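Here is the file model20.pdb (PDB, C-alpha atoms, pLDDT in the B column).
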```pdb
ATOM      1  CA  MET L   1     -34.462  37.735 -62.588  1.00 35.00           C
ATOM      2  CA  ARG L   2     -34.116  40.854 -60.449  1.00 41.00           C
ATOM      3  CA  LYS L   3     -37.127  42.823 -59.427  1.00 45.00           C
ATOM      4  CA  TYR L   4     -37.144  46.478 -60.294  1.00 48.00           C
ATOM      5  CA  CYS L   5     -39.141  48.672 -58.000  1.00 51.00           C
ATOM      6  CA  MET L   6     -40.509  51.434 -60.132  1.00 52.00           C
ATOM      7  CA  LEU L   7     -43.706  53.205 -60.860  1.00 53.00           C
ATOM      8  CA  ILE L   8     -46.026  51.252 -63.124  1.00 59.00           C
ATOM      9  CA  ALA L   9     -45.625  52.300 -66.751  1.00 65.00           C
ATOM     10  CA  LEU L  10     -48.024  51.447 -69.543  1.00 66.00           C
ATOM     11  CA  LEU L  11     -47.385  51.424 -73.247  1.00 66.00           C
ATOM     12  CA  CYS L  12     -49.551  53.580 -75.470  1.00 67.00           C
ATOM     13  CA  ALA L  13     -49.676  50.904 -78.150  1.00 69.00           C
ATOM     14  CA  ILE L  14     -50.924  47.354 -78.489  1.00 70.00           C
ATOM     15  CA  VAL L  15     -48.048  44.866 -78.421  1.00 70.00           C
ATOM     16  CA  SER L  16     -48.512  41.216 -79.317  1.00 71.00           C
ATOM     17  CA  THR L  17     -47.211  38.837 -76.691  1.00 69.00           C
ATOM     18  CA  GLN L  18     -47.571  35.950 -79.143  1.00 73.00           C
ATOM     19  CA  ALA L  19     -44.853  37.091 -81.552  1.00 66.00           C
ATOM     20  CA  GLN L  20     -41.457  35.490 -81.186  1.00 69.00           C
ATOM     21  CA  ASN L  21     -38.571  37.766 -80.315  1.00 68.00           C
ATOM     22  CA  ASN L  22     -40.904  40.635 -79.592  1.00 69.00           C
ATOM     23  CA  VAL L  23     -38.828  43.291 -77.826  1.00 74.00           C
ATOM     24  CA  ILE L  24     -40.241  46.195 -75.886  1.00 77.00           C
ATOM     25  CA  ASP L  25     -37.423  48.703 -75.752  1.00 80.00           C
ATOM     26  CA  PHE L  26     -38.067  51.321 -73.086  1.00 80.00           C
ATOM     27  CA  THR L  27     -34.661  52.862 -73.847  1.00 85.00           C
ATOM     28  CA  SER L  28     -35.918  54.062 -77.235  1.00 83.00           C
ATOM     29  CA  PRO L  29     -37.058  57.691 -77.434  1.00 83.00           C
ATOM     30  CA  ASN L  30     -39.795  56.415 -79.799  1.00 82.00           C
ATOM     31  CA  MET L  31     -41.413  54.235 -77.120  1.00 80.00           C
ATOM     32  CA  VAL L  32     -44.549  56.088 -76.071  1.00 80.00           C
ATOM     33  CA  THR L  33     -45.791  55.494 -72.531  1.00 81.00           C
ATOM     34  CA  TYR L  34     -49.011  56.498 -70.816  1.00 79.00           C
ATOM     35  CA  GLY L  35     -49.190  59.696 -68.760  1.00 77.00           C
ATOM     36  CA  GLU L  36     -46.535  62.257 -68.017  1.00 77.00           C
ATOM     37  CA  SER L  37     -43.024  61.583 -66.770  1.00 74.00           C
ATOM     38  CA  ALA L  38     -43.161  57.778 -67.023  1.00 79.00           C
ATOM     39  CA  GLN L  39     -39.698  57.903 -68.530  1.00 81.00           C
ATOM     40  CA  VAL L  40     -36.627  59.983 -67.856  1.00 78.00           C
ATOM     41  CA  GLU L  41     -33.595  60.633 -70.045  1.00 81.00           C
ATOM     42  CA  ILE L  42     -30.276  59.874 -68.361  1.00 76.00           C
ATOM     43  CA  ASP L  43     -27.045  60.161 -70.324  1.00 80.00           C
ATOM     44  CA  GLY L  44     -28.976  60.267 -73.610  1.00 84.00           C
ATOM     45  CA  ILE L  45     -30.889  57.040 -72.925  1.00 85.00           C
ATOM     46  CA  MET L  46     -34.583  56.848 -72.060  1.00 85.00           C
ATOM     47  CA  MET L  47     -35.360  54.848 -68.908  1.00 80.00           C
ATOM     48  CA  LEU L  48     -38.366  54.002 -66.812  1.00 79.00           C
ATOM     49  CA  ARG L  49     -38.352  55.936 -63.568  1.00 77.00           C
ATOM     50  CA  ALA L  50     -37.010  53.860 -60.703  1.00 78.00           C
ATOM     51  CA  GLY L  51     -37.243  54.604 -57.040  1.00 79.00           C
ATOM     52  CA  ASN L  52     -40.558  53.468 -55.627  1.00 84.00           C
ATOM     53  CA  ALA L  53     -38.744  51.871 -52.685  1.00 87.00           C
ATOM     54  CA  ASN L  54     -41.661  52.102 -50.253  1.00 87.00           C
ATOM     55  CA  ARG L  55     -44.324  51.088 -52.797  1.00 85.00           C
ATOM     56  CA  ASP L  56     -46.609  54.074 -52.258  1.00 88.00           C
ATOM     57  CA  ALA L  57     -47.108  54.905 -55.970  1.00 86.00           C
ATOM     58  CA  GLN L  58     -44.831  57.946 -55.666  1.00 88.00           C
ATOM     59  CA  VAL L  59     -41.137  58.679 -55.957  1.00 89.00           C
ATOM     60  CA  LYS L  60     -39.957  61.303 -53.468  1.00 91.00           C
ATOM     61  CA  TYR L  61     -36.510  62.346 -52.308  1.00 90.00           C
ATOM     62  CA  HIS L  62     -37.289  64.782 -49.478  1.00 85.00           C
ATOM     63  CA  GLU L  63     -40.375  63.753 -47.505  1.00 84.00           C
ATOM     64  CA  ALA L  64     -40.980  61.970 -44.222  1.00 85.00           C
ATOM     65  CA  ASP L  65     -42.270  58.977 -46.191  1.00 88.00           C
ATOM     66  CA  GLY L  66     -39.803  59.372 -49.064  1.00 90.00           C
ATOM     67  CA  GLU L  67     -37.485  56.823 -50.582  1.00 91.00           C
ATOM     68  CA  LEU L  68     -34.398  58.361 -48.936  1.00 90.00           C
ATOM     69  CA  ASN L  69     -35.813  57.591 -45.486  1.00 91.00           C
ATOM     70  CA  THR L  70     -36.615  54.035 -46.598  1.00 90.00           C
ATOM     71  CA  MET L  71     -32.960  53.582 -47.573  1.00 90.00           C
ATOM     72  CA  ILE L  72     -31.735  55.117 -44.290  1.00 89.00           C
ATOM     73  CA  GLU L  73     -34.004  52.793 -42.287  1.00 89.00           C
ATOM     74  CA  GLN L  74     -32.610  49.742 -44.070  1.00 87.00           C
ATOM     75  CA  VAL L  75     -28.958  50.805 -43.792  1.00 87.00           C
ATOM     76  CA  GLY L  76     -29.295  52.215 -40.285  1.00 83.00           C
ATOM     77  CA  ALA L  77     -29.395  55.874 -39.284  1.00 76.00           C
ATOM     78  CA  GLU L  78     -26.164  55.573 -37.284  1.00 76.00           C
ATOM     79  CA  THR L  79     -24.227  53.706 -39.977  1.00 75.00           C
ATOM     80  CA  GLN L  80     -24.932  55.624 -43.176  1.00 69.00           C
ATOM     81  CA  SER L  81     -21.461  54.863 -44.524  1.00 76.00           C
ATOM     82  CA  LEU L  82     -22.254  51.143 -44.355  1.00 79.00           C
ATOM     83  CA  ILE L  83     -22.799  49.248 -47.596  1.00 85.00           C
ATOM     84  CA  VAL L  84     -25.548  46.682 -47.146  1.00 85.00           C
ATOM     85  CA  PRO L  85     -25.508  43.739 -49.577  1.00 87.00           C
ATOM     86  CA  THR L  86     -29.160  42.891 -50.042  1.00 85.00           C
ATOM     87  CA  TYR L  87     -32.007  42.058 -52.376  1.00 81.00           C
ATOM     88  CA  SER L  88     -34.237  44.985 -51.485  1.00 86.00           C
ATOM     89  CA  ASP L  89     -36.575  47.605 -52.919  1.00 87.00           C
ATOM     90  CA  ALA L  90     -34.160  50.220 -51.541  1.00 89.00           C
ATOM     91  CA  ASP L  91     -31.408  48.999 -53.916  1.00 90.00           C
ATOM     92  CA  LEU L  92     -32.519  51.474 -56.554  1.00 89.00           C
ATOM     93  CA  ASN L  93     -29.622  51.096 -58.989  1.00 86.00           C
ATOM     94  CA  LEU L  94     -29.840  47.279 -58.871  1.00 85.00           C
ATOM     95  CA  ASP L  95     -26.207  46.616 -58.030  1.00 89.00           C
ATOM     96  CA  GLY L  96     -27.041  44.307 -55.103  1.00 90.00           C
ATOM     97  CA  PHE L  97     -26.214  46.856 -52.387  1.00 91.00           C
ATOM     98  CA  ILE L  98     -27.874  49.715 -50.551  1.00 91.00           C
ATOM     99  CA  LYS L  99     -25.349  52.555 -50.460  1.00 91.00           C
ATOM    100  CA  LEU L 100     -26.015  56.076 -49.222  1.00 90.00           C
ATOM    101  CA  ASN L 101     -22.519  57.450 -49.825  1.00 89.00           C
ATOM    102  CA  GLY L 102     -19.535  56.773 -52.055  1.00 89.00           C
ATOM    103  CA  ALA L 103     -19.320  55.820 -55.703  1.00 90.00           C
ATOM    104  CA  ASN L 104     -22.445  54.495 -57.445  1.00 90.00           C
ATOM    105  CA  ASN L 105     -24.685  55.054 -54.432  1.00 92.00           C
ATOM    106  CA  ASP L 106     -28.465  54.748 -54.401  1.00 92.00           C
ATOM    107  CA  ARG L 107     -29.003  58.195 -52.850  1.00 91.00           C
ATOM    108  CA  VAL L 108     -27.533  60.065 -55.837  1.00 91.00           C
ATOM    109  CA  PHE L 109     -29.286  57.661 -58.210  1.00 89.00           C
ATOM    110  CA  LEU L 110     -32.618  58.607 -56.579  1.00 90.00           C
ATOM    111  CA  LEU L 111     -31.747  62.289 -56.729  1.00 89.00           C
ATOM    112  CA  ASN L 112     -31.061  61.983 -60.472  1.00 85.00           C
ATOM    113  CA  VAL L 113     -34.397  60.232 -61.021  1.00 84.00           C
ATOM    114  CA  VAL L 114     -36.359  62.911 -59.150  1.00 87.00           C
ATOM    115  CA  GLY L 115     -34.260  65.722 -60.561  1.00 85.00           C
ATOM    116  CA  PHE L 116     -30.968  66.938 -59.159  1.00 83.00           C
ATOM    117  CA  PHE L 117     -32.130  70.557 -59.126  1.00 85.00           C
ATOM    118  CA  THR L 118     -35.699  69.713 -58.022  1.00 87.00           C
ATOM    119  CA  PRO L 119     -35.252  67.413 -54.986  1.00 87.00           C
ATOM    120  CA  PHE L 120     -38.725  68.254 -53.635  1.00 89.00           C
ATOM    121  CA  TYR L 121     -40.469  67.150 -56.848  1.00 88.00           C
ATOM    122  CA  VAL L 122     -42.877  64.230 -56.354  1.00 89.00           C
ATOM    123  CA  ILE L 123     -43.373  61.808 -59.232  1.00 86.00           C
ATOM    124  CA  GLN L 124     -46.860  60.311 -59.110  1.00 85.00           C
ATOM    125  CA  GLU L 125     -47.779  56.950 -60.593  1.00 80.00           C
ATOM    126  CA  GLN L 126     -50.413  57.349 -63.314  1.00 77.00           C
ATOM    127  CA  LEU L 127     -52.876  54.666 -64.334  1.00 74.00           C
ATOM    128  CA  PRO L 128     -55.704  54.984 -66.853  1.00 67.00           C
TER     129      PRO L 128
END
```
Rewrite the structure from the file as structure tokens, please.
Amino acid sequence: MRKYCMLIALLCAIVSTQAQNNVIDFTSPNMVTYGESAQVEIDGIMMLRAGNANRDAQVKYHEADGELNTMIEQVGAETQSLIVPTYSDADLNLDGFIKLNGANNDRVFLLNVVGFFTPFYVIQEQLP
């Protein structure tokens, strides 16, 4: 089982954990979650927001303590073209690598989660 570093999301409905084959489908547009912006639509599919690489209850692209800097620290500031095979919170797209550049990289994945046209937007974790 892979861990998935994301903001905590809560369902807005009671779900029995006793029922067999009970599926909680966060990809469904009918799945209601607590708060605002717990889910994001990417390519027509609803997803939980990923990206909390530094576990500070926020997802940020541009900030001194943002997820991009966490990825750069783990890859190495001098070797940003390096692909690091690792099991890490900075592997945001869960492919087993931290990649800042090239195809299927974590940097663009993070930018899509935050908002490609709003890179300074901060997504805040929301708990009741």
Restrict the calculation to only C-alpha atoms, then for each residue of segment 9-103 of chain L with any atom at most 12 Å from an atom of segment 115-121 of chain L give the closest atom pair and their distance in Å to one decimal, rows by chain and rising residue number, as JSON lines.
```
{"residue": "L:Ser37", "atom": "CA", "partner": "L:Gly115", "partner_atom": "CA", "distance": 11.5}
{"residue": "L:Val40", "atom": "CA", "partner": "L:Gly115", "partner_atom": "CA", "distance": 9.6}
{"residue": "L:Glu41", "atom": "CA", "partner": "L:Gly115", "partner_atom": "CA", "distance": 10.8}
{"residue": "L:Ile42", "atom": "CA", "partner": "L:Gly115", "partner_atom": "CA", "distance": 10.5}
{"residue": "L:Arg49", "atom": "CA", "partner": "L:Gly115", "partner_atom": "CA", "distance": 11.0}
{"residue": "L:Gln58", "atom": "CA", "partner": "L:Tyr121", "partner_atom": "CA", "distance": 10.3}
{"residue": "L:Val59", "atom": "CA", "partner": "L:Tyr121", "partner_atom": "CA", "distance": 8.5}
{"residue": "L:Lys60", "atom": "CA", "partner": "L:Tyr121", "partner_atom": "CA", "distance": 6.8}
{"residue": "L:Tyr61", "atom": "CA", "partner": "L:Pro119", "partner_atom": "CA", "distance": 5.9}
{"residue": "L:His62", "atom": "CA", "partner": "L:Phe120", "partner_atom": "CA", "distance": 5.6}
{"residue": "L:Glu63", "atom": "CA", "partner": "L:Phe120", "partner_atom": "CA", "distance": 7.8}
{"residue": "L:Ala64", "atom": "CA", "partner": "L:Phe120", "partner_atom": "CA", "distance": 11.5}
{"residue": "L:Gly66", "atom": "CA", "partner": "L:Phe120", "partner_atom": "CA", "distance": 10.0}
{"residue": "L:Glu67", "atom": "CA", "partner": "L:Pro119", "partner_atom": "CA", "distance": 11.7}
{"residue": "L:Leu68", "atom": "CA", "partner": "L:Pro119", "partner_atom": "CA", "distance": 10.9}
```
**Request:** Check what the PyMOL selection byres ((chain L and resi 85) around 12) selects in the file above and give those residues as a PyMOL selection string.
**Result:** chain L and resi 74-75+82-84+86-88+90-91+94-99
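Across the model, the gap from atom CA of Asn101 of chain L to atom CA of Ile123 of chain L is 23.3 Å.
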**Message:** Please determine, counting only C-alpha atoms, which residue among L:Asp25, L:Asp56, L:Asp106, L:Glu36 has the shortest atom-to-atom distance to Leu92 of chain L.
**Reply:**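 Using only C-alpha atoms, the shortest distance to Leu92 of chain L belongs to L:Asp106.
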Axis-aligned box over every listed atom of segment 62-78 of chain L, padded by 6 Å per side: centre and edges in Å to one decimal, as lines of an AutoDock Vina configuration file?
```
center_x = -34.2
center_y = 57.3
center_z = -43.9
size_x = 28.1
size_y = 27.0
size_z = 25.3
```
**Message:** Tell me which residues come within 6 Å of (-50.7, 56.4, -65.5), as a list in words, counting all atoms listed in the file in the file's coordinates.
**Reply:**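 It turns out the residues near that spot are Tyr34, Gly35, Glu125, Gln126, Leu127 and Pro128 of chain L.
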Those same residues, written as a short mmCIF file (atom, residue, chain, number, x, y, z; two decimals), in the frame of the given file with C-alpha atoms?
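This went into result.cif:
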```cif
data_model
loop_
_atom_site.label_atom_id
_atom_site.label_comp_id
_atom_site.auth_asym_id
_atom_site.auth_seq_id
_atom_site.Cartn_x
_atom_site.Cartn_y
_atom_site.Cartn_z
CA TYR L 34 -49.01 56.50 -70.82
CA GLY L 35 -49.19 59.70 -68.76
CA GLU L 125 -47.78 56.95 -60.59
CA GLN L 126 -50.41 57.35 -63.31
CA LEU L 127 -52.88 54.67 -64.33
CA PRO L 128 -55.70 54.98 -66.85
#
```
**Atom pair atom CA of Ser16 of chain L / atom CA of Asn93 of chain L: separation (Å)** =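 Calculated distance between atom CA of Ser16 of chain L and atom CA of Asn93 of chain L is 29.5 Å.
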**Fill in**
Between atom CA of Asn112 of chain L and atom CA of Gly44 of chain L lies a distance of 13.4 Å
**Item:** Pick from L:Gln124, L:Val108, L:Val113, L:Ala103, whichever lies nearest to Arg55 of chain L using only C-alpha atoms
**Value:**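 Using only C-alpha atoms, Arg55 of chain L sits closest to L:Gln124.
Distances to Val32 of chain L were evaluated for L:Thr70, L:Asp65, L:Gly51, L:Ile14 using all atoms listed in the file, and the minimum falls at L:Ile14.
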